[in-house]
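Text of my_file-v9.cif, listed as mmCIF, C-alpha atoms and all ligand atoms:
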```
data_start
loop_
_atom_site.label_atom_id
_atom_site.label_comp_id
_atom_site.auth_asym_id
_atom_site.auth_seq_id
_atom_site.Cartn_x
_atom_site.Cartn_y
_atom_site.Cartn_z
CA MET A 1 0.00 0.00 0.00
CA ASN A 2 1.48 3.36 -1.06
CA LEU A 3 0.20 6.10 1.24
CA ILE A 4 0.51 9.83 1.69
CA LEU A 5 -0.23 11.69 4.91
CA LEU A 6 -1.30 15.28 4.36
CA GLY A 7 -1.93 17.95 6.95
CA ALA A 8 -0.64 21.14 8.47
CA PRO A 9 2.66 21.12 10.35
CA GLY A 10 1.92 19.77 13.82
CA ALA A 11 -1.35 18.08 12.81
CA GLY A 12 0.08 14.77 13.98
CA LYS A 13 1.13 13.23 10.67
CA GLY A 14 4.34 11.83 12.12
CA THR A 15 2.56 10.05 14.96
CA GLN A 16 -0.02 8.53 12.63
CA ALA A 17 2.73 7.54 10.17
CA GLU A 18 4.51 5.63 12.94
CA ILE A 19 1.37 3.72 13.88
CA ILE A 20 0.59 2.80 10.27
CA CYS A 21 4.20 1.72 9.87
CA GLU A 22 3.86 -0.71 12.79
CA THR A 23 0.42 -1.94 11.77
CA TYR A 24 1.10 -2.50 8.07
CA LYS A 25 4.86 -3.17 8.29
CA ILE A 26 5.72 -0.58 5.69
CA PRO A 27 8.33 2.15 6.19
CA ALA A 28 7.31 5.67 7.21
CA ILE A 29 9.32 8.21 5.26
CA SER A 30 9.58 11.74 6.60
CA THR A 31 11.34 14.27 4.39
CA GLY A 32 11.67 16.56 7.43
CA ASN A 33 13.56 13.83 9.33
CA ILE A 34 15.77 13.01 6.33
CA ILE A 35 16.69 16.69 5.94
CA ARG A 36 17.40 17.08 9.68
CA GLU A 37 19.64 13.97 9.54
CA ALA A 38 21.52 15.43 6.58
CA LEU A 39 21.93 18.66 8.51
CA LYS A 40 23.34 16.81 11.51
CA SER A 41 25.86 14.98 9.35
CA GLY A 42 26.83 18.29 7.79
CA THR A 43 26.19 17.25 4.18
CA GLU A 44 25.96 19.92 1.49
CA MET A 45 22.26 19.22 1.02
CA GLY A 46 21.65 19.64 4.74
CA LEU A 47 23.47 22.95 4.89
CA LYS A 48 21.56 24.22 1.87
CA ALA A 49 18.26 23.27 3.48
CA LYS A 50 18.99 24.82 6.88
CA SER A 51 18.19 28.45 6.09
CA TYR A 52 14.84 27.53 4.54
CA MET A 53 13.88 25.28 7.42
CA ASP A 54 14.85 27.74 10.13
CA ALA A 55 12.71 30.40 8.45
CA GLY A 56 9.71 28.06 8.18
CA GLN A 57 9.95 28.04 4.39
CA LEU A 58 9.91 25.03 2.09
CA VAL A 59 13.16 23.56 0.86
CA PRO A 60 13.28 23.86 -2.97
CA ASP A 61 11.30 21.20 -4.86
CA GLU A 62 14.29 19.76 -6.73
CA VAL A 63 16.10 19.05 -3.46
CA VAL A 64 13.24 17.15 -1.80
CA ILE A 65 12.25 15.41 -5.03
CA GLY A 66 15.83 14.09 -5.28
CA ILE A 67 15.66 12.88 -1.68
CA ILE A 68 12.39 11.02 -2.24
CA LYS A 69 13.52 9.47 -5.51
CA ASP A 70 16.56 7.93 -3.78
CA ARG A 71 14.56 6.82 -0.77
CA LEU A 72 11.72 5.16 -2.70
CA ALA A 73 14.26 3.24 -4.79
CA GLN A 74 15.42 1.39 -1.67
CA ASP A 75 14.46 -2.23 -1.11
CA ASP A 76 12.23 -1.73 1.91
CA CYS A 77 9.76 0.32 -0.14
CA LYS A 78 8.91 -2.59 -2.44
CA ASN A 79 5.75 -3.55 -0.54
CA GLY A 80 4.60 -0.02 0.09
CA PHE A 81 5.40 3.06 2.14
CA ILE A 82 3.91 6.00 3.99
CA LEU A 83 5.02 9.47 2.98
CA ASP A 84 4.95 11.93 5.86
CA GLY A 85 5.59 15.50 4.74
CA PHE A 86 5.89 14.80 1.02
CA PRO A 87 4.51 15.98 -1.34
CA ARG A 88 4.08 19.52 -0.04
CA THR A 89 3.59 21.30 -3.36
CA ILE A 90 1.80 20.49 -6.62
CA PRO A 91 5.13 20.11 -8.52
CA GLN A 92 6.24 17.55 -5.90
CA ALA A 93 3.03 15.55 -6.43
CA GLU A 94 3.52 15.72 -10.18
CA ALA A 95 7.08 14.48 -9.74
CA LEU A 96 5.78 11.38 -7.94
CA ASP A 97 3.37 10.75 -10.81
CA LYS A 98 6.22 11.14 -13.30
CA MET A 99 8.32 8.61 -11.39
CA GLY A 100 5.51 6.15 -12.14
CA ILE A 101 4.61 5.78 -8.47
CA VAL A 102 0.98 4.92 -7.94
CA ILE A 103 -0.48 6.28 -4.72
CA ASP A 104 -3.31 4.21 -3.27
CA LYS A 105 -4.59 6.54 -0.58
CA VAL A 106 -4.07 10.02 0.82
CA ILE A 107 -5.07 10.65 4.42
CA ASP A 108 -5.55 14.32 5.25
CA ILE A 109 -5.42 15.07 8.97
CA GLU A 110 -7.37 18.25 9.66
CA VAL A 111 -6.60 20.40 12.69
CA PRO A 112 -7.64 24.08 13.02
CA ASP A 113 -4.83 26.66 12.97
CA GLU A 114 -5.43 27.80 16.59
CA LYS A 115 -4.96 24.23 17.79
CA ILE A 116 -1.81 23.88 15.72
CA VAL A 117 -0.18 26.91 17.29
CA GLN A 118 -1.09 25.60 20.74
CA ARG A 119 0.24 22.13 20.00
CA MET A 120 3.50 23.17 18.39
CA SER A 121 4.63 25.04 21.47
CA GLY A 122 4.49 21.74 23.38
CA ARG A 123 6.21 19.59 20.78
CA ARG A 124 9.62 18.13 21.65
CA VAL A 125 11.93 15.99 19.53
CA CYS A 126 14.78 13.66 20.39
CA GLU A 127 18.12 15.22 19.54
CA ALA A 128 19.58 11.81 18.80
CA CYS A 129 16.94 9.78 16.89
CA GLY A 130 14.33 12.37 15.85
CA ALA A 131 11.42 10.69 17.69
CA SER A 132 8.62 13.14 18.40
CA TYR A 133 6.85 13.86 21.70
CA HIS A 134 4.45 16.38 23.21
CA ILE A 135 4.50 17.72 26.75
CA LEU A 136 0.72 17.23 27.03
CA TYR A 137 -0.44 14.79 24.38
CA LYS A 138 2.43 12.35 23.95
CA LYS A 139 4.52 12.50 27.09
CA PRO A 140 7.78 10.60 27.33
CA GLU A 141 7.95 8.22 30.29
CA VAL A 142 10.78 10.23 31.79
CA GLU A 143 10.54 13.99 31.33
CA GLY A 144 13.01 15.31 28.77
CA VAL A 145 14.29 11.84 27.83
CA CYS A 146 13.56 9.84 24.67
CA GLY A 147 11.83 6.53 25.43
CA LYS A 148 13.33 4.96 22.32
CA CYS A 149 17.00 5.76 22.64
CA GLY A 150 17.58 7.72 25.86
CA GLY A 151 18.47 10.90 23.93
CA THR A 152 17.67 14.40 25.13
CA LEU A 153 14.36 15.99 24.07
CA VAL A 154 14.57 19.51 22.69
CA GLN A 155 12.29 22.03 21.01
CA ARG A 156 12.92 22.39 17.29
CA LYS A 157 14.02 25.85 16.25
CA ASP A 158 11.20 25.98 13.71
CA ASP A 159 8.61 25.12 16.39
CA HIS A 160 9.00 28.52 18.02
CA PRO A 161 5.72 30.47 17.73
CA ASP A 162 6.90 33.11 15.22
CA THR A 163 8.12 30.43 12.82
CA VAL A 164 4.97 28.35 13.27
CA ASN A 165 2.85 31.15 11.80
CA ALA A 166 5.14 31.34 8.78
CA ARG A 167 4.85 27.56 8.34
CA LEU A 168 1.05 27.69 8.53
CA LYS A 169 0.98 30.37 5.85
CA VAL A 170 3.19 28.23 3.61
CA TYR A 171 0.93 25.25 4.31
CA HIS A 172 -2.25 27.06 3.28
CA GLU A 173 -0.69 28.56 0.16
CA GLN A 174 1.41 25.70 -1.16
CA THR A 175 0.34 22.41 0.42
CA GLU A 176 -3.41 22.69 0.87
CA PRO A 177 -4.05 22.69 -2.93
CA LEU A 178 -2.94 19.04 -2.82
CA LYS A 179 -6.28 18.16 -1.24
CA ALA A 180 -8.06 19.09 -4.47
CA TYR A 181 -5.34 17.36 -6.51
CA TYR A 182 -5.87 14.00 -4.79
CA SER A 183 -9.59 14.44 -4.30
CA ALA A 184 -9.91 14.73 -8.09
CA GLN A 185 -8.17 11.34 -8.31
CA GLY A 186 -10.63 9.86 -5.79
CA LYS A 187 -7.84 9.12 -3.30
CA LEU A 188 -8.46 11.59 -0.50
CA SER A 189 -9.81 10.62 2.94
CA VAL A 190 -10.25 13.36 5.52
CA VAL A 191 -9.61 12.57 9.17
CA GLU A 192 -10.51 15.13 11.83
CA GLY A 193 -7.64 15.31 14.30
CA GLN A 194 -8.89 14.47 17.80
CA GLU A 195 -7.82 15.62 21.24
CA GLU A 196 -6.50 12.13 22.05
CA VAL A 197 -3.97 10.53 19.72
CA ALA A 198 -5.67 7.13 20.12
CA ASP A 199 -8.95 8.57 18.82
CA THR A 200 -7.29 10.01 15.74
CA THR A 201 -5.59 6.66 15.18
CA LYS A 202 -8.96 4.86 15.17
CA LEU A 203 -10.22 7.20 12.45
CA THR A 204 -7.02 6.83 10.43
CA LEU A 205 -7.08 3.03 10.53
CA ALA A 206 -10.78 3.04 9.60
CA ALA A 207 -10.04 5.33 6.64
CA LEU A 208 -7.34 2.93 5.45
CA LYS A 209 -9.73 -0.01 5.52
CA ALA A 210 -12.52 1.85 3.75
P1 LIG B 301 6.25 19.14 10.30
O1 LIG B 301 6.60 18.25 11.43
O2 LIG B 301 5.95 20.50 10.71
O3 LIG B 301 5.28 18.56 9.34
P2 LIG B 301 8.60 18.46 8.85
O4 LIG B 301 9.47 17.88 9.87
O5 LIG B 301 7.88 17.57 7.93
O6 LIG B 301 7.59 19.45 9.54
O7 LIG B 301 9.45 19.50 7.97
C1 LIG B 301 10.22 20.52 8.54
C2 LIG B 301 10.77 21.42 7.46
O8 LIG B 301 11.52 20.64 6.51
C3 LIG B 301 9.73 22.15 6.61
O9 LIG B 301 9.29 23.33 7.23
C4 LIG B 301 10.53 22.41 5.34
O10 LIG B 301 11.44 23.49 5.49
C5 LIG B 301 11.34 21.14 5.19
N1 LIG B 301 10.61 20.13 4.37
C6 LIG B 301 10.19 18.90 4.78
N2 LIG B 301 9.54 18.25 3.80
C7 LIG B 301 9.53 19.10 2.73
C8 LIG B 301 8.98 19.03 1.43
N3 LIG B 301 8.30 17.96 0.99
N4 LIG B 301 9.16 20.11 0.62
C9 LIG B 301 9.84 21.19 1.02
N5 LIG B 301 10.35 21.33 2.24
C10 LIG B 301 10.21 20.29 3.10
ZN ZN B 302 15.63 9.12 20.63
#
```

Mind turning this structure into structure tokens?
Amino acid sequence: MNLILLGAPGAGKGTQAEIICETYKIPAISTGNIIREALKSGTEMGLKAKSYMDAGQLVPDEVVIGIIKDRLAQDDCKNGFILDGFPRTIPQAEALDKMGIVIDKVIDIEVPDEKIVQRMSGRRVCEACGASYHILYKKPEVEGVCGKCGGTLVQRKDDHPDTVNARLKVYHEQTEPLKAYYSAQGKLSVVEGQEEVADTTKLTLAALKA
């Protein structure tokens, strides 16, 4: 099953992607995580992406399209995959089509902007492995410590409130048109993001079975 998760930054795509990954045994691919990894390793691509990311802007299409092309060519994607954070623009979606990749379903997780701003301020990520937490909604067992690898939890630079507003603007202008793009192909399912992660998960899994 080839899946796309759509939604505003902080709508909970990453969390849902992880659960689908465990349930369906297909890899969850996050372009944001791949770019942050590249940044940490100090690659040229990572350095190029940094200024865009820090400002809450999108990294240029050709950069992320290149990343996805390489990633989807890997062996573990043979039986399907979940894209979390890609495509984010119409040209990125068209690039997937041109690669001959057939998408089965697109799950759009809807959360109102006010909620997003509230949520983002509580989001924390593991410095070491990139796992994502929330101080209210997805607490780590030990405060400030990653339950997966023991790494330190930090706030992402681009999760600071001023940058969040810039990211929401980018989302509405550049990413939201993808809803119409995939709806026209009959592939879009809308899931209303719930207060409790488990409730959103139920809706997501139901949408996948529908
Ligand atoms: P979120 O958790 O808010 O959905 P991500 O971790 O997916 O954010 O992405 C963080 C940043 O990485 C984005 O603001 C953008 O700068 C860059 N990025 C990630 N995916 C893409 C993409 N498909 N196209 C362009 N930029 C991207
Ligand atoms: Zn970790």

Legend entry - Within 7 Å of ligand LIG 301 (chain B) (all atoms listed in the file), residues as a ChimeraX atom specification: /A:8-10,13-14,30-33,35,52-53,56-61,64,84-89,167

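Going from atom CA of Ala11 of chain A over to atom CA of Val111 of chain A, you cover 5.7 Å.
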
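For the set A:Ala206, A:Leu6, A:Cys149, A:Cys77, the residue with the smallest atom-to-atom gap to ligand ZN 302 (chain B) is A:Cys149, counting only C-alpha atoms and all ligand atoms.
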
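With distances restricted to all atoms listed in the file, A:Lys148 is the closest residue to ligand ZN 302 (chain B) from A:Arg119, A:Lys148, A:Lys209, A:Lys187.
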
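Interatomic distance, atom CA of Ala210 of chain A against atom CA of Asn79 of chain A: 19.5 Å.
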
Legend entry - Test item: residues at most 8 Å from His160 of chain A, all atoms listed in the file, excluding those fewer than 5 positions along its chain, as a VMD selection string: chain A and resid 120 to 121 155

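When only C-alpha atoms and all ligand atoms are used to compute distances to ligand ZN 302 (chain B), the closest of the residues A:Tyr137, A:Lys202, A:Ser132, A:Val164 turns out to be A:Ser132.
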
Inset, instruction - Just the residues within 12 Å of Gln194 of chain A, please, counting only C-alpha atoms, with nothing from its chain fewer than 2 positions along; format it as a PyMOL selection string. - result: chain A and resi 11-12+16+109-112+115-116+137+191-192+196-204

Inset, instruction - Around ligand ZN 302 (chain B), at most 6 Å away and counting all atoms listed in the file, which residues are there? Put them as a PyMOL selection string, please. - result: chain A and resi 126+128-131+146+148-151

Legend entry - Near-Asn165 of chain A list (9 Å; all atoms listed in the file; drop same-chain fewer than 3 positions) as a count of residues only: 8

Shell around Ile135 of chain A at 12 Å using only C-alpha atoms, local window under 3 positions removed, as a compact mmCIF listing (two decimals) with C-alpha atoms, in the coordinates of the input:
```
# COMPACT_ATOMS: atom_id res chain seq x y z
CA GLN A 118 -1.09 25.60 20.74
CA ARG A 119 0.24 22.13 20.00
CA MET A 120 3.50 23.17 18.39
CA SER A 121 4.63 25.04 21.47
CA GLY A 122 4.49 21.74 23.38
CA ARG A 123 6.21 19.59 20.78
CA ARG A 124 9.62 18.13 21.65
CA VAL A 125 11.93 15.99 19.53
CA SER A 132 8.62 13.14 18.40
CA LYS A 138 2.43 12.35 23.95
CA LYS A 139 4.52 12.50 27.09
CA PRO A 140 7.78 10.60 27.33
CA GLU A 141 7.95 8.22 30.29
CA VAL A 142 10.78 10.23 31.79
CA GLU A 143 10.54 13.99 31.33
CA GLY A 144 13.01 15.31 28.77
CA VAL A 145 14.29 11.84 27.83
CA LEU A 153 14.36 15.99 24.07
CA VAL A 154 14.57 19.51 22.69
CA GLN A 155 12.29 22.03 21.01
```

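Across the structure, atom CA of Glu94 of chain A and atom CA of Asp70 of chain A are spaced 16.5 Å apart.
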
Inset, instruction - Using only C-alpha atoms, find the one residue out of A:His134, A:Ala38, A:Tyr182, A:Asp108 that sits nearest to Ala93 of chain A. - result: A:Tyr182
